[in-house]
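Undergrad: Structure supplied as structure13.txt; contents: compact mmCIF, C-alpha atoms.
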# COMPACT_ATOMS: atom_id res chain seq x y z
CA MET A 196 -4.41 -7.15 -13.94
CA SER A 197 -2.14 -9.96 -15.14
CA ILE A 198 1.25 -9.69 -13.45
CA SER A 199 4.51 -11.48 -14.16
CA VAL A 200 7.89 -10.86 -12.58
CA THR A 201 11.02 -12.20 -14.25
CA PHE A 202 14.78 -11.82 -13.95
CA VAL A 203 16.41 -11.39 -17.37
CA ASP A 204 20.11 -10.67 -17.99
CA SER A 205 20.62 -9.52 -14.36
CA CYS A 206 17.60 -7.22 -14.64
CA MET A 207 14.24 -7.52 -12.94
CA VAL A 208 11.36 -7.01 -15.34
CA ILE A 209 7.71 -6.51 -14.43
CA HIS A 210 4.95 -7.16 -17.00
CA ASP A 211 1.66 -5.62 -15.92
CA GLY A 212 -0.39 -6.76 -18.92
CA ARG A 213 0.18 -3.51 -20.78
CA ASN A 214 3.77 -2.44 -20.19
CA LYS A 215 7.18 -3.97 -19.65
CA ILE A 216 8.94 -2.19 -16.77
CA SER A 217 12.62 -2.73 -15.98
CA VAL A 218 13.48 -1.84 -12.38
CA ASP A 219 16.90 -0.67 -11.17
CA PRO A 220 18.77 -2.05 -14.22
CA ILE A 221 22.55 -1.83 -14.07
CA ARG A 222 22.80 -2.00 -17.87
CA PRO A 223 20.54 -0.85 -20.71
CA PHE A 224 17.46 -3.02 -21.07
CA PRO A 225 14.67 -2.70 -23.68
CA SER A 226 11.37 -1.90 -21.96
CA ASP A 227 8.50 0.57 -22.05
CA PHE A 228 9.47 2.11 -18.70
CA THR A 229 12.62 2.06 -16.58
CA PHE A 230 12.35 2.73 -12.85
CA PHE A 231 15.32 3.84 -10.73
CA SER A 232 14.50 3.55 -7.03
CA HIS A 233 17.45 5.58 -5.69
CA ALA A 234 20.94 6.84 -6.47
CA HIS A 235 23.23 4.17 -5.02
CA THR A 236 25.36 3.03 -7.92
CA ASP A 237 24.33 -0.63 -7.64
CA HIS A 238 20.82 0.54 -8.62
CA LEU A 239 21.79 2.77 -11.54
CA CYS A 240 22.48 2.00 -15.18
CA ARG A 241 26.17 2.69 -15.74
CA ASN A 242 25.79 3.14 -19.49
CA TYR A 243 22.61 5.19 -19.45
CA TYR A 244 24.04 8.50 -20.60
CA ARG A 245 26.03 6.96 -23.44
CA THR A 246 23.28 4.67 -24.74
CA LYS A 247 20.18 6.52 -23.54
CA LEU A 248 18.98 3.02 -22.55
CA THR A 249 16.68 2.13 -25.42
CA SER A 250 14.78 4.53 -27.62
CA GLY A 251 11.28 4.97 -26.28
CA ASN A 252 12.09 4.05 -22.67
CA LYS A 253 10.34 6.39 -20.27
CA ILE A 254 12.23 7.03 -17.04
CA LEU A 255 10.48 6.85 -13.65
CA THR A 256 12.39 8.22 -10.68
CA SER A 257 12.19 10.96 -8.05
CA LYS A 258 13.56 14.44 -8.69
CA GLU A 259 15.96 13.98 -5.77
CA THR A 260 17.29 10.73 -7.22
CA SER A 261 17.77 12.39 -10.60
CA LEU A 262 19.75 15.28 -9.07
CA ILE A 263 21.85 13.06 -6.79
CA ALA A 264 22.58 10.62 -9.62
CA GLY A 265 23.65 13.54 -11.81
CA ALA A 266 26.02 14.74 -9.10
CA ARG A 267 27.57 11.27 -9.11
CA GLY A 268 28.10 11.18 -12.85
CA PHE A 269 24.88 9.37 -13.79
CA PRO A 270 22.79 12.07 -15.51
CA MET A 271 19.10 11.29 -16.05
CA PRO A 272 17.46 13.57 -18.61
CA GLU A 273 13.71 13.46 -19.19
CA ILE A 274 12.78 11.94 -15.85
CA ASN A 275 9.21 11.77 -14.67
CA GLU A 276 7.63 11.07 -11.29
CA THR A 277 4.14 10.40 -12.58
CA TYR A 278 2.59 8.44 -15.43
CA ASN A 279 -0.92 7.03 -15.52
CA GLY A 280 -1.06 3.89 -13.41
CA PHE A 281 2.27 4.51 -11.63
CA GLN A 282 2.91 6.11 -8.24
CA LEU A 283 6.22 6.61 -6.44
CA LEU A 284 6.14 6.11 -2.66
CA ASP A 285 8.80 7.06 -0.11
CA SER A 286 10.88 3.97 0.75
CA GLY A 287 12.80 5.52 3.68
CA HIS A 288 16.20 4.25 2.50
CA ILE A 289 18.07 7.43 1.48
CA LEU A 290 17.01 10.89 0.31
CA GLY A 291 14.84 10.53 -2.79
CA SER A 292 14.45 6.76 -2.55
CA ARG A 293 11.11 5.50 -3.81
CA GLY A 294 9.17 2.31 -4.35
CA LEU A 295 7.02 1.78 -7.45
CA LEU A 296 3.27 1.25 -7.04
CA ILE A 297 1.49 -0.01 -10.16
CA ASP A 298 -2.29 0.48 -10.37
CA ASP A 299 -2.62 0.08 -6.57
CA ASP A 300 -2.08 -3.63 -7.25
CA LEU A 301 1.68 -4.31 -7.29
CA TYR A 302 4.44 -2.69 -5.25
CA TYR A 303 8.19 -2.92 -5.88
CA THR A 304 9.93 -1.66 -2.74
CA GLY A 305 13.47 -0.95 -3.90
CA ASP A 306 15.62 -0.71 -0.75
CA ILE A 307 13.51 0.12 2.30
CA SER A 308 13.72 1.28 5.89
CA THR A 309 10.75 1.67 8.21
CA ARG A 310 12.63 3.28 11.09
CA GLU A 311 13.04 7.03 11.42
CA ARG A 312 16.64 8.27 11.51
CA ALA A 313 17.58 11.95 11.83
CA PHE A 314 15.80 13.59 8.84
CA MET A 315 14.71 10.27 7.26
CA LYS A 316 11.10 9.19 7.70
CA SER A 317 9.62 5.70 7.71
CA ALA A 318 8.79 3.98 4.43
CA THR A 319 5.21 4.12 3.18
CA ILE A 320 3.52 0.70 3.15
CA PRO A 321 0.68 0.33 0.62
CA GLU A 322 -1.88 -2.50 0.64
CA VAL A 323 -1.44 -4.49 -2.58
CA ARG A 324 -2.09 -7.88 -4.10
CA THR A 325 1.52 -8.45 -5.22
CA LEU A 326 4.59 -7.32 -3.26
CA ILE A 327 8.18 -7.39 -4.53
CA ILE A 328 10.32 -6.78 -1.45
CA GLU A 329 14.06 -6.53 -0.87
CA ALA A 330 15.60 -9.07 1.53
CA THR A 331 19.08 -7.69 2.18
CA PHE A 332 18.80 -8.68 5.85
CA GLY A 333 16.32 -11.49 5.34
CA ARG A 334 17.67 -13.84 8.01
CA ALA A 335 16.13 -14.06 11.46
CA HIS A 336 19.22 -13.06 13.45
CA TYR A 337 19.40 -9.64 11.79
CA VAL A 338 17.52 -7.53 14.34
CA PHE A 339 18.91 -4.02 14.75
CA PRO A 340 19.12 -1.89 17.90
CA ASP A 341 17.07 1.26 18.36
CA ILE A 342 18.66 4.40 16.89
CA THR A 343 18.69 6.06 20.33
CA GLY A 344 21.01 3.33 21.61
CA VAL A 345 23.24 3.73 18.55
CA ILE A 346 23.57 7.47 19.19
CA HIS A 347 24.36 6.93 22.88
CA LYS A 348 26.96 4.21 22.16
CA THR A 349 28.69 6.34 19.52
CA ASN A 350 28.80 9.49 21.64
CA LYS A 351 30.28 7.43 24.48
CA LEU A 352 32.97 6.01 22.17
CA ILE A 353 33.86 9.45 20.84
CA SER A 354 34.00 10.85 24.38
CA GLU A 355 36.39 8.09 25.45
CA MET A 356 38.64 8.79 22.45
CA TYR A 357 38.60 12.53 23.16
CA ASP A 358 39.66 11.82 26.75
CA GLN A 359 42.67 10.02 25.27
CA GLY A 360 43.36 12.81 22.77
CA LEU A 361 42.59 10.56 19.78
CA PRO A 362 40.86 11.69 16.56
CA VAL A 363 37.90 9.62 15.32
CA LEU A 364 36.72 8.55 11.87
CA LEU A 365 32.98 7.84 11.67
CA MET A 366 32.69 5.65 8.58
CA GLY A 367 29.60 5.02 6.48
CA TYR A 368 28.45 4.87 2.86
CA PRO A 369 29.14 8.34 1.36
CA LEU A 370 25.58 8.61 0.07
CA GLY A 371 22.89 8.11 2.70
CA LYS A 372 24.70 6.88 5.82
CA ALA A 373 27.29 9.69 5.84
CA GLN A 374 24.58 12.36 5.82
CA ILE A 375 22.82 10.67 8.75
CA LEU A 376 26.13 10.57 10.64
CA THR A 377 26.74 14.24 9.82
CA ARG A 378 23.37 15.23 11.26
CA LEU A 379 23.73 13.06 14.39
CA PHE A 380 27.33 13.79 15.39
CA SER A 381 28.32 17.19 14.01
CA HIS A 382 28.08 18.68 17.51
CA TRP A 383 31.62 17.38 18.11
CA GLU A 384 34.41 19.87 17.41
CA PRO A 385 36.55 20.13 15.39
CA PHE A 386 34.36 18.43 12.76
CA TYR A 387 35.48 17.53 9.22
CA VAL A 388 34.20 15.45 6.31
CA HIS A 389 35.95 13.47 3.58
CA ASP A 390 35.89 15.17 0.17
CA VAL A 391 33.43 12.61 -1.27
CA VAL A 392 31.10 13.09 1.68
CA TYR A 393 31.44 16.87 1.35
CA LYS A 394 30.12 16.68 -2.21
CA MET A 395 27.12 14.55 -1.20
CA ASN A 396 26.42 16.74 1.85
CA ASN A 397 26.27 19.80 -0.41
CA THR A 398 23.85 18.01 -2.73
CA TYR A 399 21.62 17.14 0.23
CA LYS A 400 21.73 20.77 1.38
CA LYS A 401 20.67 21.94 -2.07
CA LEU A 402 17.69 19.60 -1.72
CA GLY A 403 16.65 21.20 1.57
CA ILE A 404 18.32 18.98 4.18
CA ALA A 405 19.94 21.01 6.96
CA LEU A 406 23.49 19.76 7.51
CA LYS A 407 26.32 21.51 9.31
CA ASP A 408 28.82 23.39 7.15
CA SER A 409 32.19 21.74 7.55
CA VAL A 410 35.72 21.75 6.14
CA MET A 411 36.59 18.87 3.81
CA PHE A 412 39.57 16.60 4.41
CA SER A 413 41.85 17.90 1.63
CA GLU A 414 41.35 21.51 2.72
CA ALA A 415 41.88 20.63 6.40
CA GLU A 416 45.16 18.93 5.52
CA LYS A 417 46.23 21.84 3.35
CA GLN A 418 45.56 24.31 6.16
CA GLY A 419 47.21 22.10 8.77
CA LEU A 420 44.01 21.81 10.79
CA LEU A 421 44.35 18.10 11.52
CA SER A 422 46.43 17.24 14.55
CA ARG A 423 47.83 14.07 16.11
CA THR A 424 47.80 15.60 19.56
CA ARG A 425 44.33 17.15 19.54
CA PRO A 426 41.17 15.07 18.90
CA TRP A 427 38.76 15.73 16.05
CA VAL A 428 35.92 13.92 14.27
CA MET A 429 35.68 13.22 10.54
CA ILE A 430 32.90 11.56 8.53
CA SER A 431 34.48 9.31 5.92
CA PRO A 432 33.52 6.56 3.46
CA LEU A 433 33.32 3.06 4.87
CA VAL A 434 36.38 1.40 3.38
CA HIS A 435 38.71 -1.39 4.44
CA LEU A 436 41.64 -0.74 6.76
CA ARG A 437 43.95 -1.61 3.86
CA SER A 438 42.76 1.40 1.83
CA ASN A 439 45.39 4.08 1.31
CA PHE A 440 43.20 6.72 2.95
CA VAL A 441 42.73 4.80 6.20
CA LYS A 442 46.39 3.76 6.34
CA LEU A 443 47.37 7.43 5.95
CA ILE A 444 44.96 8.66 8.62
CA LYS A 445 45.99 6.02 11.14
CA LYS A 446 49.73 6.39 10.53
CA LYS A 447 49.79 10.19 10.41
CA TYR A 448 47.18 11.01 13.05
CA GLY A 449 46.58 7.81 15.03
CA ALA A 450 42.84 8.00 14.32
CA ILE A 451 40.35 5.46 15.64
CA CYS A 452 37.97 4.03 13.01
CA ILE A 453 34.29 3.41 13.85
CA GLY A 454 32.29 1.76 11.06
CA PHE A 455 28.48 1.82 10.80
CA SER A 456 26.63 -1.00 9.06
CA GLY A 457 23.83 -3.51 9.54
CA TRP A 458 26.46 -6.18 8.83
CA ALA A 459 28.20 -5.13 12.06
CA LEU A 460 25.71 -7.40 13.82
CA ASP A 461 28.02 -10.26 12.78
CA ASN A 462 30.96 -10.52 15.18
CA ARG A 463 33.42 -11.15 12.33
CA TYR A 464 32.57 -7.94 10.53
CA ARG A 465 34.85 -5.63 12.56
CA ASN A 466 37.92 -7.77 11.95
CA MET A 467 37.05 -8.38 8.31
CA MET A 468 36.87 -4.64 7.68
CA GLY A 469 39.85 -3.83 9.90
CA LEU A 470 37.81 -1.47 12.09
CA ASP A 471 38.60 -0.46 15.66
CA HIS A 472 34.88 -0.44 16.47
CA ALA A 473 31.77 -1.52 14.53
CA VAL A 474 28.33 -0.09 15.30
CA VAL A 475 25.11 -1.68 14.08
CA MET A 476 23.26 0.92 12.03
CA SER A 477 21.52 0.32 8.71
CA ASP A 478 19.49 2.14 6.07
CA HIS A 479 17.61 -1.12 5.42
CA CYS A 480 14.87 -2.95 7.30
CA ASP A 481 15.98 -5.70 9.65
CA TYR A 482 14.32 -9.13 9.57
CA VAL A 483 11.50 -8.21 11.96
CA GLU A 484 10.76 -5.00 10.06
CA LEU A 485 10.65 -6.91 6.78
CA LEU A 486 8.06 -9.28 8.25
CA GLU A 487 6.03 -6.34 9.56
CA PHE A 488 6.16 -4.74 6.11
CA VAL A 489 4.86 -7.92 4.44
CA LYS A 490 2.04 -8.30 6.96
CA ALA A 491 1.00 -4.63 6.68
CA SER A 492 0.85 -4.87 2.87
CA ASN A 493 -1.75 -7.68 3.01
CA ALA A 494 -0.14 -9.04 -0.16
CA GLU A 495 -1.41 -12.33 -1.59
CA LYS A 496 1.81 -12.98 -3.52
CA ILE A 497 5.30 -11.99 -2.38
CA TYR A 498 8.49 -11.97 -4.43
CA THR A 499 11.82 -11.44 -2.65
CA PHE A 500 15.04 -10.04 -4.13
CA HIS A 501 18.56 -9.00 -3.07
CA GLY A 502 20.59 -10.32 -0.16
CA PHE A 503 19.09 -13.33 1.60
CA SER A 504 16.13 -13.52 -0.78
CA GLN A 505 15.86 -17.31 -0.74
CA ASP A 506 16.08 -17.47 3.05
CA PHE A 507 13.44 -14.79 3.50
CA ALA A 508 11.08 -16.41 1.00
CA HIS A 509 11.50 -19.72 2.87
CA SER A 510 10.70 -18.01 6.19
CA LEU A 511 7.59 -16.42 4.70
CA LYS A 512 6.42 -19.76 3.33
CA LYS A 513 6.75 -21.33 6.78
CA LEU A 514 4.50 -18.55 8.08
CA GLY A 515 1.88 -19.36 5.46
CA PHE A 516 2.65 -16.73 2.81
CA ASP A 517 2.81 -17.44 -0.91
CA ALA A 518 6.40 -16.30 -1.43
CA GLU A 519 9.28 -17.01 -3.78
CA PRO A 520 12.59 -15.36 -4.72
CA VAL A 521 12.67 -13.50 -8.04
CA ALA A 522 16.05 -15.05 -8.78
CA LYS A 523 18.84 -16.86 -7.02
CA SER A 524 20.31 -14.86 -4.15
CA ASN A 525 23.14 -12.50 -4.99
CA VAL A 526 24.85 -13.44 -1.71
CA PRO A 527 27.85 -15.76 -2.16
CA LYS A 528 27.64 -19.28 -0.68
CA LYS A 529 30.28 -18.46 1.93
CA GLU A 530 28.79 -16.04 4.40
CA ASN A 531 32.18 -14.49 5.16
CA ASP A 532 32.43 -13.54 1.49
CA ALA A 533 28.87 -12.23 1.63
CA LEU A 534 29.64 -9.88 4.50
CA LEU A 535 32.72 -8.48 2.81
CA GLN A 536 31.03 -8.15 -0.57
CA HIS A 537 28.10 -6.20 0.83
CA SER A 538 30.32 -3.99 2.96
CA LEU A 539 32.57 -3.05 0.07
CA ASP A 540 29.77 -2.90 -2.51
CA THR A 541 29.11 0.02 -4.82
CA TYR A 542 27.19 2.10 -2.29
CA ILE A 543 30.30 4.28 -2.45
Could you write out this file's structure as structure tokens?

TA:
Amino acid sequence: MSISVTFVDSCMVIHDGRNKISVDPIRPFPSDFTFFSHAHTDHLCRNYYRTKLTSGNKILTSKETSLIAGARGFPMPEINETYNGFQLLDSGHILGSRGLLIDDDLYYTGDISTRERAFMKSATIPEVRTLIIEATFGRAHYVFPDITGVIHKTNKLISEMYDQGLPVLLMGYPLGKAQILTRLFSHWEPFYVHDVVYKMNNTYKKLGIALKDSVMFSEAEKQGLLSRTRPWVMISPLVHLRSNFVKLIKKKYGAICIGFSGWALDNRYRNMMGLDHAVVMSDHCDYVELLEFVKASNAEKIYTFHGFSQDFAHSLKKLGFDAEPVAKSNVPKKENDALLQHSLDTYI
């Protein structure tokens, strides 16, 4: 099979000798097939519903991604999980996330995680000739702690805040991270969730994920359930301290903010985001896991994309792999800007 991978008008396009496949386009792109790996908004086509992409495009995505995207205002009619020559494999990133396997020969990962977290399982790793792999954390110093340590550290922080009578915000991306946090820490009482998280939690529950029923923020405020003198826990979106929501919560209730992100591995991250505490926890592979994924795939040719794609391709070359970035990295030249951009990106 003759394979080519190009980056055209901010869209990755795979030519497999028969079809042109656009993957995770953020705007309509003419192709035979369009693949959406998951329902984070930086992987969805914003104008899909209005333009129907291009006449004749066939949509490849998981049923979960279609339903979650619809709940977020990105409806996907006429989706399909199977066409001849294509297979969708679990990528372990968020509920419904998939990678695209073409003829058992090429694999596009989408965003991936190979570590189990709460109800999320490890990504499937196929053996292929050509691998297109994300490199969000494609620098060697990004090595994440075990999830058990993350749980222990967080429970200890919450316990210390409860001893001081302080409420706690556990902050993560509303889709994906927030549901993991809900599952891991909903044993604390009283337990609330931000309205945006409440909506995504309900969607997850409709898709069979067991999450604790909880009162959403607006209803808790309306009923006077939130107190400045009695501690409580709330799952909220990961936003900057300067956001109106966080300013309100801190001023009115004196809440402590704990943010969860792989970028928290950088010491500057906590101050940049204005967090009281930052905990390293990601829905992506770290650098070591990315290397393990590449090795397990036995790929002869590797393309890298997203994040530190150029750095990761360079590291792979030094290890003897035939690797190159699909396009220039989407990380700004100044790493401080990169951290802030990724943290405030459209995962919300």

Undergrad: From the list A:Gly305, A:Gly265, A:Gln282, A:Lys496, which residue is nearest A:Met207 when using only C-alpha atoms?

TA: A:Gly305

Undergrad: How far is it from atom CA of A:Trp458 to atom CA of A:Gly502, in Å with one decimal?

TA: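 One can read the atom CA of A:Trp458 to atom CA of A:Gly502 distance as 11.5 Å.
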
Undergrad: Which is closer to A:Arg378 than all the others in A:Tyr393, A:Phe314, A:Tyr357, A:Phe281, using all atoms listed in the file?

TA: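 For A:Arg378, the nearest of the given residues is A:Phe314.
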
Undergrad: Could you jot down the atom CA of A:Leu301 to atom CA of A:Ala508 separation for me, Å, one decimal place?

TA: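 Atom-to-atom, atom CA of A:Leu301 and atom CA of A:Ala508 are spaced 17.4 Å apart.
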
Undergrad: Which one of A:Ser477, A:Ser354, A:Ser381, A:Gln359 sits closest to A:Thr424 if you count only C-alpha atoms?

TA: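 Using only C-alpha atoms, A:Thr424 sits closest to A:Gln359.
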
Undergrad: Go ahead and compute the interatomic distance for atom CA of A:Val474 and atom CA of A:Asn462, in Å to one decimal.

TA: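 Value for the atom CA of A:Val474-atom CA of A:Asn462 distance: 10.8 Å.
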
Undergrad: If you count all atoms listed in the file, which residues fall within 8 Å of A:Met395, apart from same-chain ones fewer than 5 positions away, as a short mmCIF file (atom, residue, chain, number, x, y, z; two decimals) with C-alpha atoms, in the frame of the given file?

TA:
data_model
loop_
_atom_site.label_atom_id
_atom_site.label_comp_id
_atom_site.auth_asym_id
_atom_site.auth_seq_id
_atom_site.Cartn_x
_atom_site.Cartn_y
_atom_site.Cartn_z
CA ILE A 263 21.85 13.06 -6.79
CA ALA A 266 26.02 14.74 -9.10
CA PRO A 369 29.14 8.34 1.36
CA LEU A 370 25.58 8.61 0.07
CA GLN A 374 24.58 12.36 5.82
#

Undergrad: Using all atoms listed in the file, which residues sit within 8 Å of A:Lys372 once same-chain residues fewer than 4 positions away are excluded, as a ChimeraX atom specification?

TA: /A:289,367-368,376,477-478

Undergrad: For A:Lys348, please output as a list of chain:residue names all residues within 12 Å (counting all atoms listed in the file; exclusion window: fewer than 2 positions along the same chain).

TA: A:Pro340, A:Asp341, A:Ile342, A:Thr343, A:Gly344, A:Val345, A:Ile346, A:Asn350, A:Lys351, A:Leu352, A:Ile353, A:Ser354, A:Glu355, A:Phe380, A:Ile453, A:Phe455, A:His472, A:Ala473, A:Val474, A:Val475, A:Met476

Undergrad: Hey, can you pull every residue with an atom no more than 9 Å from (-4.3, 4.1, -10.7), using all atoms listed in the file, and send it as a count of residues only?

TA: 9

Undergrad: List as a PyMOL selection string the protein and nucleic acid residues near A:Phe230, meaning an atom at most 7 Å away when all atoms listed in the file are counted, but skip any in the same chain fewer than 5 places from it.

TA: chain A and resi 217-219+254-256

Undergrad: What's the 6 Å shell around stretch 332-335 of chain A, counting all atoms listed in the file, without same-chain residues fewer than 6 positions away, as a list in words?

TA: Asp481, Tyr482, Phe503 and Phe507 of chain A

Undergrad: Counting all atoms listed in the file, which residue out of A:Met366, A:Leu295, A:Ala494, A:Met356 sits closest to A:Arg425?

TA: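 Closest to A:Arg425, using all atoms listed in the file: A:Met356.
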
Undergrad: Which one of A:Tyr337, A:Tyr302, A:Phe224, A:Trp383 sits closest to A:Thr499 if you count all atoms listed in the file?

TA: A:Tyr302

Undergrad: Point out the residue among A:Asp471, A:Ser226, A:Ile375, A:His389 with the least atom-to-atom distance to A:Ala405, counting all atoms listed in the file.

TA: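 Ranking A:Asp471, A:Ser226, A:Ile375, A:His389 by distance to A:Ala405, first place goes to A:Ile375.
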